[in-house]
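**Q** Just work.cif, nothing more (mmCIF, C-alpha atoms):
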```cif
data_query
loop_
_atom_site.label_atom_id
_atom_site.label_comp_id
_atom_site.auth_asym_id
_atom_site.auth_seq_id
_atom_site.Cartn_x
_atom_site.Cartn_y
_atom_site.Cartn_z
CA MET A 767 -58.85 -121.81 -187.90
CA LYS A 768 -61.84 -122.11 -190.21
CA THR A 769 -61.89 -118.95 -192.28
CA LEU A 770 -64.53 -117.60 -194.64
CA LEU A 771 -64.11 -114.80 -197.14
CA ILE A 772 -67.32 -112.86 -197.71
CA ILE A 773 -67.40 -111.37 -201.20
CA PRO A 774 -70.36 -109.06 -201.80
CA ALA A 775 -70.94 -108.51 -205.51
CA TYR A 776 -73.38 -106.20 -207.22
CA ASN A 777 -73.05 -106.04 -211.01
CA GLU A 778 -69.43 -107.21 -210.97
CA GLU A 779 -69.53 -109.48 -214.04
CA LEU A 780 -66.18 -108.03 -215.18
CA ASN A 781 -64.40 -108.37 -211.82
CA ILE A 782 -65.81 -111.39 -210.05
CA GLU A 783 -63.73 -113.98 -211.88
CA LYS A 784 -60.52 -112.10 -211.12
CA THR A 785 -61.49 -111.77 -207.48
CA VAL A 786 -62.26 -115.45 -206.97
CA ASN A 787 -59.11 -116.41 -208.90
CA LYS A 788 -57.14 -114.34 -206.39
CA ILE A 789 -58.52 -116.53 -203.61
CA ILE A 790 -57.67 -119.73 -205.48
CA LYS A 791 -54.16 -118.41 -206.06
CA TYR A 792 -53.93 -117.44 -202.38
CA ASN A 793 -54.95 -120.92 -201.22
CA LYS A 794 -52.20 -122.46 -203.38
CA LYS A 795 -49.38 -120.51 -201.79
CA SER A 796 -50.52 -119.83 -198.23
CA LYS A 797 -50.48 -122.11 -195.21
CA ASN A 798 -53.97 -120.88 -194.36
CA GLN A 799 -56.73 -122.49 -196.37
CA ILE A 800 -59.81 -120.34 -196.67
CA ASP A 801 -63.32 -120.77 -198.03
CA TYR A 802 -65.21 -118.03 -199.75
CA VAL A 803 -68.80 -117.20 -200.46
CA VAL A 804 -69.93 -114.74 -203.11
CA ILE A 805 -73.08 -112.87 -202.12
CA ASN A 806 -74.70 -111.83 -205.38
CA ASP A 807 -76.79 -108.84 -204.36
CA GLY A 808 -79.50 -109.21 -207.00
CA SER A 809 -77.19 -108.13 -209.83
CA THR A 810 -78.90 -107.18 -213.05
CA ASP A 811 -75.93 -108.19 -215.20
CA GLU A 812 -74.30 -111.57 -215.76
CA THR A 813 -72.61 -111.80 -212.32
CA LEU A 814 -74.70 -114.78 -211.23
CA ASN A 815 -74.25 -116.64 -214.52
CA VAL A 816 -70.47 -116.14 -214.34
CA CYS A 817 -70.53 -117.64 -210.84
CA ARG A 818 -72.71 -120.59 -211.89
CA LYS A 819 -70.63 -121.27 -214.98
CA ASN A 820 -67.45 -121.46 -212.89
CA ASN A 821 -69.17 -123.37 -210.11
CA TYR A 822 -68.35 -120.76 -207.49
CA ASN A 823 -69.83 -120.95 -204.02
CA VAL A 824 -72.48 -118.26 -204.37
CA ILE A 825 -75.60 -117.17 -202.53
CA PRO A 826 -77.82 -115.18 -204.89
CA LEU A 827 -80.06 -112.81 -202.94
CA ILE A 828 -83.57 -113.03 -204.36
CA LYS A 829 -83.82 -109.21 -204.25
CA ASN A 830 -81.22 -106.44 -204.06
CA LEU A 831 -80.52 -105.51 -200.44
CA GLY A 832 -77.65 -103.04 -200.70
CA ILE A 833 -74.13 -103.54 -199.39
CA GLY A 834 -75.05 -103.84 -195.69
CA GLY A 835 -77.69 -106.49 -196.21
CA ALA A 836 -75.44 -108.44 -198.59
CA VAL A 837 -72.44 -108.47 -196.23
CA GLN A 838 -74.70 -109.43 -193.33
CA THR A 839 -75.92 -112.43 -195.32
CA GLY A 840 -72.27 -113.51 -195.47
CA TYR A 841 -71.94 -113.16 -191.69
CA LYS A 842 -75.11 -115.22 -191.24
CA TYR A 843 -73.65 -117.89 -193.50
CA ALA A 844 -70.40 -117.81 -191.48
CA TYR A 845 -72.34 -118.09 -188.24
CA GLU A 846 -74.52 -120.98 -189.42
CA ASN A 847 -71.53 -122.89 -190.78
CA ASP A 848 -69.51 -122.32 -187.64
CA TYR A 849 -66.58 -120.36 -189.06
CA ASP A 850 -63.94 -118.99 -186.66
CA ILE A 851 -63.00 -116.01 -188.82
CA ALA A 852 -64.96 -114.07 -191.44
CA ILE A 853 -63.23 -111.59 -193.72
CA GLN A 854 -65.01 -109.07 -195.93
CA PHE A 855 -63.39 -108.86 -199.32
CA ASP A 856 -64.85 -106.63 -202.03
CA GLY A 857 -65.86 -108.21 -205.32
CA ASP A 858 -64.57 -105.27 -207.34
CA GLY A 859 -60.83 -105.94 -207.16
CA GLN A 860 -59.95 -103.18 -204.65
CA HIS A 861 -58.64 -105.51 -201.99
CA ASP A 862 -55.33 -107.37 -202.11
CA GLU A 863 -55.28 -111.06 -201.18
CA ASN A 864 -51.67 -110.77 -200.00
CA TYR A 865 -52.85 -109.04 -196.84
CA ILE A 866 -55.33 -111.73 -195.81
CA ASP A 867 -52.63 -113.53 -193.77
CA ILE A 868 -51.89 -110.38 -191.80
CA LEU A 869 -55.55 -109.98 -190.88
CA ILE A 870 -55.81 -113.65 -189.84
CA ASN A 871 -52.62 -113.26 -187.76
CA GLU A 872 -54.10 -110.44 -185.72
CA ILE A 873 -57.24 -112.46 -184.99
CA GLU A 874 -55.05 -115.40 -183.91
CA LYS A 875 -53.21 -113.01 -181.60
CA GLY A 876 -56.50 -112.46 -179.81
CA TYR A 877 -58.08 -109.41 -181.42
CA ASP A 878 -61.82 -109.59 -182.01
CA PHE A 879 -61.91 -107.36 -185.07
CA VAL A 880 -59.20 -106.25 -187.51
CA ILE A 881 -59.50 -103.44 -190.04
CA GLY A 882 -57.28 -103.37 -193.12
CA SER A 883 -56.43 -99.70 -193.17
CA ARG A 884 -55.23 -97.48 -196.00
CA PHE A 885 -53.99 -94.71 -193.75
CA VAL A 886 -52.40 -96.31 -190.73
CA SER A 887 -48.92 -96.02 -192.23
CA GLU A 888 -47.16 -94.68 -195.30
CA LEU A 889 -47.11 -98.14 -196.84
CA SER A 890 -50.38 -97.67 -198.60
CA LYS A 891 -49.96 -96.00 -201.95
CA PHE A 892 -53.67 -95.78 -202.53
CA LYS A 893 -54.35 -92.10 -203.12
CA SER A 894 -58.03 -91.52 -203.10
CA THR A 895 -59.21 -88.04 -203.94
CA GLY A 896 -58.37 -85.26 -201.50
CA THR A 897 -61.96 -84.63 -200.54
CA ARG A 898 -62.55 -88.27 -199.75
CA ARG A 899 -59.45 -88.45 -197.56
CA PHE A 900 -60.66 -85.31 -195.82
CA GLY A 901 -64.07 -86.91 -195.25
CA ILE A 902 -62.48 -90.05 -193.81
CA LYS A 903 -60.32 -87.87 -191.50
CA ILE A 904 -63.45 -86.17 -190.17
CA LEU A 905 -65.21 -89.49 -189.54
CA SER A 906 -62.07 -90.77 -187.85
CA LEU A 907 -61.96 -87.70 -185.60
CA LEU A 908 -65.65 -88.04 -184.80
CA ILE A 909 -65.23 -91.68 -183.75
CA LYS A 910 -62.27 -90.61 -181.59
CA ILE A 911 -64.41 -87.95 -179.89
CA CYS A 912 -67.40 -90.25 -179.40
CA THR A 913 -65.62 -93.42 -178.29
CA GLY A 914 -62.09 -92.39 -177.34
CA LYS A 915 -60.52 -94.78 -179.84
CA LYS A 916 -58.65 -93.73 -182.95
CA ILE A 917 -59.66 -95.60 -186.10
CA TYR A 918 -57.61 -94.35 -189.04
CA ASP A 919 -59.73 -95.87 -191.80
CA PRO A 920 -63.31 -96.29 -190.57
CA THR A 921 -64.70 -96.71 -194.10
CA SER A 922 -62.47 -99.62 -195.07
CA GLY A 923 -64.44 -102.63 -196.29
CA PHE A 924 -61.49 -104.99 -195.81
CA ARG A 925 -62.10 -106.34 -192.33
CA ALA A 926 -61.78 -109.56 -190.36
CA ALA A 927 -64.04 -110.67 -187.52
CA ASN A 928 -63.68 -113.46 -184.99
CA LYS A 929 -66.44 -115.77 -183.81
CA LYS A 930 -67.88 -113.37 -181.23
CA VAL A 931 -68.14 -110.54 -183.74
CA ILE A 932 -69.56 -112.86 -186.43
CA LYS A 933 -72.40 -113.69 -184.03
CA ILE A 934 -73.09 -110.02 -183.37
CA PHE A 935 -73.04 -109.05 -187.07
CA ALA A 936 -75.22 -112.02 -188.05
CA LYS A 937 -77.87 -110.63 -185.73
CA ASN A 938 -77.39 -106.95 -186.19
CA TYR A 939 -75.69 -105.09 -189.01
CA PRO A 940 -76.45 -101.60 -190.33
CA THR A 941 -77.92 -101.35 -193.81
CA GLU A 942 -76.79 -98.24 -195.57
CA TYR A 943 -73.28 -97.10 -194.61
CA PRO A 944 -72.29 -100.11 -192.55
CA GLU A 945 -68.55 -99.79 -191.95
CA PRO A 946 -68.16 -96.73 -189.67
CA GLU A 947 -71.36 -97.51 -187.79
CA SER A 948 -70.60 -101.18 -187.12
CA THR A 949 -67.04 -100.32 -186.01
CA THR A 950 -68.35 -97.70 -183.58
CA ASP A 951 -70.80 -100.23 -182.19
CA LEU A 952 -68.01 -102.76 -181.60
CA ILE A 953 -65.88 -100.16 -179.78
CA ARG A 954 -68.85 -99.29 -177.59
CA LYS A 955 -69.32 -102.96 -176.76
CA LYS A 956 -65.64 -103.05 -175.69
CA PHE A 957 -64.35 -105.46 -178.31
CA LYS A 958 -60.63 -105.57 -178.99
CA ILE A 959 -60.07 -103.84 -182.30
CA THR A 960 -56.89 -103.16 -184.23
CA GLU A 961 -55.84 -101.77 -187.60
CA VAL A 962 -53.18 -103.10 -189.93
CA PRO A 963 -51.79 -101.26 -192.94
CA VAL A 964 -52.87 -102.66 -196.29
CA GLU A 965 -52.62 -101.58 -199.88
CA MET A 966 -55.74 -101.06 -201.89
CA HIS A 967 -56.04 -100.86 -205.63
CA LYS A 968 -58.20 -98.75 -207.83
CA ARG A 969 -61.45 -100.41 -208.82
CA GLU A 970 -60.71 -102.49 -211.88
CA GLN A 971 -64.01 -102.00 -213.69
CA GLY A 972 -67.25 -100.17 -213.11
CA THR A 973 -68.00 -97.31 -210.78
CA SER A 974 -67.87 -97.04 -207.01
CA SER A 975 -71.12 -97.10 -205.13
CA ILE A 976 -70.52 -93.68 -203.54
CA LYS A 977 -71.32 -90.90 -206.00
CA PRO A 978 -69.75 -87.47 -205.47
CA LEU A 979 -73.07 -85.61 -205.41
CA LYS A 980 -74.29 -87.73 -202.56
CA SER A 981 -71.16 -87.35 -200.48
CA ILE A 982 -72.31 -84.40 -198.40
CA TYR A 983 -75.45 -86.24 -197.46
CA TYR A 984 -73.31 -89.32 -196.82
CA MET A 985 -71.04 -87.42 -194.42
CA PHE A 986 -74.02 -85.99 -192.60
CA SER A 987 -75.91 -89.25 -192.10
CA VAL A 988 -72.80 -91.26 -191.24
CA SER A 989 -71.86 -88.66 -188.62
CA ILE A 990 -75.29 -88.88 -187.04
CA ALA A 991 -75.13 -92.68 -187.19
CA ILE A 992 -71.77 -92.62 -185.35
CA ILE A 993 -73.02 -90.25 -182.68
CA ILE A 994 -76.23 -92.20 -182.05
CA THR A 995 -74.44 -95.55 -182.09
CA SER A 996 -71.84 -94.37 -179.60
CA ILE A 997 -74.50 -93.47 -177.04
CA ASN A 998 -74.18 -96.16 -174.41
CA ARG A 999 -77.74 -97.30 -174.28
CA GLU A 1000 -79.67 -99.86 -176.24
CA GLY A 1001 -83.22 -101.15 -176.28
CA LYS A 1002 -84.10 -104.84 -176.19
CA MET B 364 -121.26 -71.21 -188.21
CA ASN B 365 -123.61 -71.13 -191.17
CA ILE B 366 -126.06 -74.05 -191.00
CA MET B 367 -125.49 -74.94 -194.69
CA LEU B 368 -121.74 -75.13 -194.13
CA LYS B 369 -122.29 -77.34 -191.09
CA VAL B 370 -124.46 -79.78 -193.04
CA PHE B 371 -121.96 -79.83 -195.90
CA ILE B 372 -119.02 -80.65 -193.59
CA LEU B 373 -121.03 -83.31 -191.78
CA LEU B 374 -121.87 -84.88 -195.16
CA LEU B 375 -118.16 -84.92 -196.04
CA LEU B 376 -117.36 -86.61 -192.72
CA LEU B 377 -120.10 -89.17 -193.34
CA LEU B 378 -118.62 -89.86 -196.78
CA GLN B 379 -115.22 -90.31 -195.15
CA LEU B 380 -116.73 -92.77 -192.67
CA ILE B 381 -118.24 -94.84 -195.50
CA LEU B 382 -114.88 -94.81 -197.27
CA ILE B 383 -113.08 -96.08 -194.15
CA ILE B 384 -115.61 -98.86 -193.52
CA ARG B 385 -115.48 -99.90 -197.18
CA THR B 386 -111.66 -100.04 -197.17
CA VAL B 387 -111.64 -102.16 -194.03
CA LYS B 388 -114.28 -104.47 -195.55
CA LEU B 389 -112.16 -104.88 -198.68
CA LYS B 390 -109.25 -105.87 -196.39
CA LYS B 391 -107.16 -103.00 -197.71
CA LEU B 392 -106.98 -101.41 -194.28
CA SER B 393 -106.48 -103.29 -191.05
CA MET B 394 -109.06 -102.92 -188.29
CA LYS B 395 -106.40 -101.38 -186.03
CA TYR B 396 -105.95 -98.37 -188.30
CA GLY B 397 -109.60 -98.32 -189.30
CA SER B 398 -110.74 -97.74 -185.72
CA PHE B 399 -108.08 -95.07 -185.26
CA TRP B 400 -109.46 -93.07 -188.19
CA ILE B 401 -113.05 -93.58 -186.99
CA VAL B 402 -112.19 -92.16 -183.55
CA LEU B 403 -110.69 -89.14 -185.30
CA LEU B 404 -113.88 -88.74 -187.39
CA ILE B 405 -116.04 -88.83 -184.24
CA LEU B 406 -113.90 -86.07 -182.66
CA MET B 407 -114.20 -83.94 -185.80
CA THR B 408 -117.97 -84.46 -185.90
CA LEU B 409 -118.25 -83.33 -182.29
CA VAL B 410 -116.33 -80.17 -183.08
CA VAL B 411 -118.56 -79.41 -186.09
CA ILE B 412 -121.75 -79.87 -184.06
CA PHE B 413 -120.47 -78.06 -180.97
CA PRO B 414 -117.91 -75.54 -182.26
CA ASN B 415 -117.90 -73.85 -178.86
CA ILE B 416 -115.53 -76.60 -177.67
CA VAL B 417 -112.83 -75.11 -179.91
CA PHE B 418 -113.65 -71.50 -179.09
CA SER B 419 -113.48 -71.95 -175.33
CA LEU B 420 -110.38 -74.12 -175.51
CA SER B 421 -108.49 -71.59 -177.63
CA LYS B 422 -109.53 -68.80 -175.29
CA LEU B 423 -108.33 -70.87 -172.34
CA PHE B 424 -104.88 -71.39 -173.91
CA GLY B 425 -104.64 -67.77 -175.05
CA PHE B 426 -104.82 -68.12 -178.85
CA GLU B 427 -105.84 -64.86 -180.52
CA VAL B 428 -107.72 -66.65 -183.29
CA SER B 429 -109.19 -70.09 -182.70
CA SER B 430 -108.27 -71.26 -186.18
CA ASN B 431 -104.62 -70.87 -185.13
CA MET B 432 -105.12 -73.52 -182.49
CA VAL B 433 -106.82 -75.82 -184.97
CA PHE B 434 -103.93 -75.45 -187.44
CA LEU B 435 -101.30 -75.98 -184.74
CA LEU B 436 -103.02 -79.09 -183.39
CA GLY B 437 -103.55 -80.39 -186.92
CA PHE B 438 -99.88 -79.82 -187.76
CA PHE B 439 -98.62 -81.61 -184.66
CA PHE B 440 -101.04 -84.42 -185.20
CA LEU B 441 -99.95 -84.96 -188.83
CA PHE B 442 -96.29 -84.74 -187.85
CA TYR B 443 -96.86 -87.44 -185.27
CA VAL B 444 -98.77 -89.67 -187.69
CA ILE B 445 -95.97 -89.44 -190.28
CA PHE B 446 -93.36 -90.17 -187.62
CA ILE B 447 -95.26 -93.31 -186.61
CA LEU B 448 -95.46 -94.27 -190.29
CA THR B 449 -91.67 -93.99 -190.79
CA ILE B 450 -91.18 -96.16 -187.71
CA SER B 451 -93.48 -98.79 -189.11
CA ILE B 452 -91.74 -98.61 -192.52
CA SER B 453 -88.35 -99.15 -190.83
CA ILE B 454 -89.63 -102.17 -188.91
CA GLN B 455 -91.06 -103.61 -192.12
CA ASN B 456 -87.80 -103.00 -194.02
CA GLU B 457 -85.91 -104.87 -191.33
CA LYS B 458 -88.34 -107.77 -191.51
CA ILE B 459 -88.20 -107.88 -195.33
CA LYS B 460 -84.38 -107.82 -195.21
CA LEU B 461 -84.39 -110.76 -192.82
CA LEU B 462 -86.79 -112.68 -195.07
CA ILE B 463 -84.70 -112.06 -198.20
CA GLN B 464 -81.53 -113.17 -196.42
CA GLU B 465 -83.00 -116.29 -194.87
CA ILE B 466 -84.84 -117.37 -198.02
CA SER B 467 -81.77 -116.81 -200.19
CA ILE B 468 -79.53 -118.89 -197.88
CA LEU B 469 -82.19 -121.59 -197.58
CA LYS B 470 -82.85 -121.71 -201.33
CA GLU B 471 -79.18 -122.14 -202.11
CA SER B 472 -78.69 -124.91 -199.54
CA VAL B 473 -81.73 -126.77 -200.87
CA LYS B 474 -80.30 -126.45 -204.36
CA LYS B 475 -76.94 -127.85 -203.21
CA ASN B 476 -78.58 -130.80 -201.48
CA GLU B 477 -80.52 -131.69 -204.62
CA LYS B 478 -77.33 -132.18 -206.58
#
```
For this file, write the structure as structure tokens.
**A**
Amino acid sequence: MKTLLIIPAYNEELNIEKTVNKIIKYNKKSKNQIDYVVINDGSTDETLNVCRKNNYNVIPLIKNLGIGGAVQTGYKYAYENDYDIAIQFDGDGQHDENYIDILINEIEKGYDFVIGSRFVSELSKFKSTGTRRFGIKILSLLIKICTGKKIYDPTSGFRAANKKVIKIFAKNYPTEYPEPESTTDLIRKKFKITEVPVEMHKREQGTSSIKPLKSIYYMFSVSIAIIITSINREGK
Amino acid sequence: MNIMLKVFILLLLLLQLILIIRTVKLKKLSMKYGSFWIVLLILMTLVVIFPNIVFSLSKLFGFEVSSNMVFLLGFFFLFYVIFILTISISIQNEKIKLLIQEISILKESVKKNEK
């Protein structure tokens, strides 16, 4: 199956080379051969020049759109180029290429959408801070209440989508806190979703996009987004 | 109402009308919004000339002081206007996002084809 890795990158000049090298390494040893596209989200550092210098497949956004808009550009690219599977893979070194095969496997089994989850089993050694885990637990519970389906790691950005979901995301993808909201929307639309345990690493360089001071506001607006999205009614 | 005060407010409204027409002429305000503000100005002018409209209305609805009704209506009206504005900002953001995405993809594919 034709597979595309979507790598959103905002000011990742220190990580982007490592990330793309992971993919090259992956292609050498795996039976699956995958393409990638780096979406440079209007970085103000040397991210784009690093990509150009190494001749990476990159789409530089002409203005910064934020993570949702950048990832959606990748889905549009996947849709236009007729890919069967699109996988989101962060440009900051958090995600592990060794789990790509597992995600692809689940799609081949017939799932529409697969989430690489940190919490679905004890395998994952990634210990994010207690408060963050607590926040994720609450979002997980809220999705369970609103949709009836348990998603252990609704904020994971390591996710694989099949053709049907690519088409949906190319058309419609939330801008600000896209992961929990888009997952809720897929559950509501009755897509087959599963989670597989993956390991995640600490960010190699730079700081995460979610700052602690904003986290209360984050929890609040994501919760509202989940509730509104889960309401079974849509205009247009 | 004091006649001087009336004239003063009417002058202010006239000034506002000139400002609206000028802004539309300069193409800084679309006709659609221009006519909306002009309708509002006409309503306000009516109230200044015939203040009894407000007095009898507020009596009818049971307001103790008619200014209370004016403030309440004004508050609701402004709330509604700002709500409409945030809707229109959201629609524009969505359109701008689409433009940035499509142009960026297009630009890169043109660049690749040139090589």
**Q** Please list as an MDAnalysis selection string every residue within 10 Å of Gly859 (chain A), counting all atoms listed in the file and excluding residues in the same chain fewer than 3 positions away.
**A** chainID A and resid 778 780:786 788 855:856 862:863 966:971
**Q** Counting all atoms listed in the file, I want the residues whose atoms come within 10 Å of (-72.4, -89.9, -187.9) in the file frame, returned as a list in words.
**A**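 Neighbouring residues, ordered by chain and number, come to Ile904, Leu905, Leu908, Ile909, Cys912, Tyr943, Pro946, Glu947, Thr950, Tyr984, Met985, Phe986, Ser987, Val988, Ser989, Ile990, Ala991, Ile992, Ile993, Ile994, Thr995 and Ser996 of chain A.
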**Q** Please return, as a PyMOL selection string, all residues of chain B lying within 7 Å of chain A when all atoms listed in the file are considered.
**A** chain B and resi 460+463-464+467-468+471
**Q** Output, as lines of an AutoDock Vina configuration file, the centre and edge lengths in Å (one decimal) of the axis-aligned box that contains all listed atoms of region 897-904 of chain A with 3 Å of margin on each side.
**A**
```
center_x = -61.8
center_y = -87.3
center_z = -195.4
size_x = 10.6
size_y = 11.4
size_z = 16.4
```
**Q** To one decimal place, how far is CA of Glu965 (chain A) from CA of His861 (chain A) in Å?
**A** 7.5 Å
**Q** Taking the file as shown, find all residues satisfying the PyMOL selection byres ((chain A and resi 934) around 12) and write them as a PyMOL selection string.
**A** chain A and resi 838+841-842+844-845+878-879+927-933+935-940+948-949+951-952+955+957
**Q** Neighbouring residues of Ser883 (chain A) were defined as those with any atom within 12 Å, considering all atoms listed in the file; residues of the same chain fewer than 5 positions away were excluded. Please report them as a PyMOL selection string.
**A** chain A and resi 861-862+865+868-869+888-892+902+906+917-926+960-966
**Q** In Å, with one decimal, what is the gap from CA of Tyr802 (chain A) to CA of Glu465 (chain B)?
**A**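 Computed distance, CA of Tyr802 (chain A) to CA of Glu465 (chain B), equals 18.5 Å.
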**Q** Can you tell me, as an mmCIF file with C-alpha atoms, in the coordinates of the input, what residues are no more than 9 Å from Thr810 (chain A) when counting all atoms listed in the file, ignoring any on the same chain fewer than 3 positions away?
**A**
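The file below, out_14.cif, is the result:
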```cif
data_model
loop_
_atom_site.group_PDB
_atom_site.id
_atom_site.type_symbol
_atom_site.label_atom_id
_atom_site.label_comp_id
_atom_site.auth_asym_id
_atom_site.auth_seq_id
_atom_site.Cartn_x
_atom_site.Cartn_y
_atom_site.Cartn_z
ATOM 1 C CA TYR A 776 -73.380 -106.200 -207.220
ATOM 2 C CA ASN A 777 -73.050 -106.040 -211.010
ATOM 3 C CA THR A 813 -72.610 -111.800 -212.320
ATOM 4 C CA LEU A 814 -74.700 -114.780 -211.230
#
```
**Q** Which polymer residues, protein or nucleic acid, are no farther than 10 Å from (-55.7, -118.5, -187.2), counting only C-alpha atoms, as a PyMOL selection string?
**A** chain A and resi 767-769+798+850-851+867+869-876+928
**Q** Between CA of Leu389 (chain B) and CA of Tyr443 (chain B), what is the spacing in Å?
**A**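 If I compute the distance from CA of Tyr443 (chain B) to CA of Leu389 (chain B), I get 26.8 Å.
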**Q** When you count only C-alpha atoms, which of these residues is closest to Val816 (chain A): A:Glu779, A:Asn787, A:Lys795, A:Ile959?
**A** A:Glu779
**Q** Need the shell around Asn431 (chain B): protein/DNA/RNA residues with any atom at most 12 Å away, counting all atoms listed in the file. Skip same-chain ones fewer than 3 positions apart. Format as a list in words?
**A**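 Selected residues are Val417, Phe418, Leu420, Ser421, Lys422, Phe424, Gly425, Phe426, Glu427, Val428, Phe434, Leu435, Leu436, Gly437 and Phe438 of chain B.
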**Q** Take the residues just selected and output them with C-alpha atoms as a PDB file, in the coordinates of the input.
**A**
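Listed below is the output, again-v9.pdb:
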```pdb
ATOM      1  CA  VAL B 417    -112.830 -75.110-179.910  1.00  0.00           C
ATOM      2  CA  PHE B 418    -113.650 -71.500-179.090  1.00  0.00           C
ATOM      3  CA  LEU B 420    -110.380 -74.120-175.510  1.00  0.00           C
ATOM      4  CA  SER B 421    -108.490 -71.590-177.630  1.00  0.00           C
ATOM      5  CA  LYS B 422    -109.530 -68.800-175.290  1.00  0.00           C
ATOM      6  CA  PHE B 424    -104.880 -71.390-173.910  1.00  0.00           C
ATOM      7  CA  GLY B 425    -104.640 -67.770-175.050  1.00  0.00           C
ATOM      8  CA  PHE B 426    -104.820 -68.120-178.850  1.00  0.00           C
ATOM      9  CA  GLU B 427    -105.840 -64.860-180.520  1.00  0.00           C
ATOM     10  CA  VAL B 428    -107.720 -66.650-183.290  1.00  0.00           C
ATOM     11  CA  PHE B 434    -103.930 -75.450-187.440  1.00  0.00           C
ATOM     12  CA  LEU B 435    -101.300 -75.980-184.740  1.00  0.00           C
ATOM     13  CA  LEU B 436    -103.020 -79.090-183.390  1.00  0.00           C
ATOM     14  CA  GLY B 437    -103.550 -80.390-186.920  1.00  0.00           C
ATOM     15  CA  PHE B 438     -99.880 -79.820-187.760  1.00  0.00           C
TER      16      PHE B 438
END
```
**Q** Complete the atoms of region 802-814 of chain A to N, CA and C atoms and put them out as a tab-separated table (two decimals), in the frame of the given file.
**A**
```tsv
chain	number	residue	atom	x	y	z
A	802	TYR	N	-64.64	-119.33	-199.40
A	802	TYR	CA	-65.21	-118.03	-199.75
A	802	TYR	C	-66.69	-118.24	-200.05
A	803	VAL	N	-67.44	-117.17	-199.95
A	803	VAL	CA	-68.80	-117.20	-200.46
A	803	VAL	C	-69.07	-115.87	-201.16
A	804	VAL	N	-69.55	-115.95	-202.39
A	804	VAL	CA	-69.93	-114.74	-203.11
A	804	VAL	C	-71.39	-114.46	-202.78
A	805	ILE	N	-71.69	-113.25	-202.32
A	805	ILE	CA	-73.08	-112.87	-202.12
A	805	ILE	C	-73.49	-112.01	-203.30
A	806	ASN	N	-74.24	-112.59	-204.22
A	806	ASN	CA	-74.70	-111.83	-205.38
A	806	ASN	C	-75.93	-111.02	-204.97
A	807	ASP	N	-75.75	-109.71	-204.90
A	807	ASP	CA	-76.79	-108.84	-204.36
A	807	ASP	C	-77.82	-108.46	-205.42
A	808	GLY	N	-78.48	-109.47	-205.99
A	808	GLY	CA	-79.50	-109.21	-207.00
A	808	GLY	C	-78.98	-108.46	-208.21
A	809	SER	N	-77.78	-108.82	-208.67
A	809	SER	CA	-77.19	-108.13	-209.83
A	809	SER	C	-78.10	-108.23	-211.04
A	810	THR	N	-78.09	-107.17	-211.84
A	810	THR	CA	-78.90	-107.18	-213.05
A	810	THR	C	-78.07	-107.58	-214.26
A	811	ASP	N	-76.77	-107.77	-214.07
A	811	ASP	CA	-75.93	-108.19	-215.20
A	811	ASP	C	-75.66	-109.69	-215.10
A	812	GLU	N	-74.56	-110.13	-215.66
A	812	GLU	CA	-74.30	-111.57	-215.76
A	812	GLU	C	-73.53	-112.12	-214.56
A	813	THR	N	-73.41	-111.36	-213.47
A	813	THR	CA	-72.61	-111.80	-212.32
A	813	THR	C	-72.97	-113.22	-211.88
A	814	LEU	N	-74.28	-113.47	-211.73
A	814	LEU	CA	-74.70	-114.78	-211.23
A	814	LEU	C	-74.35	-115.88	-212.22
```
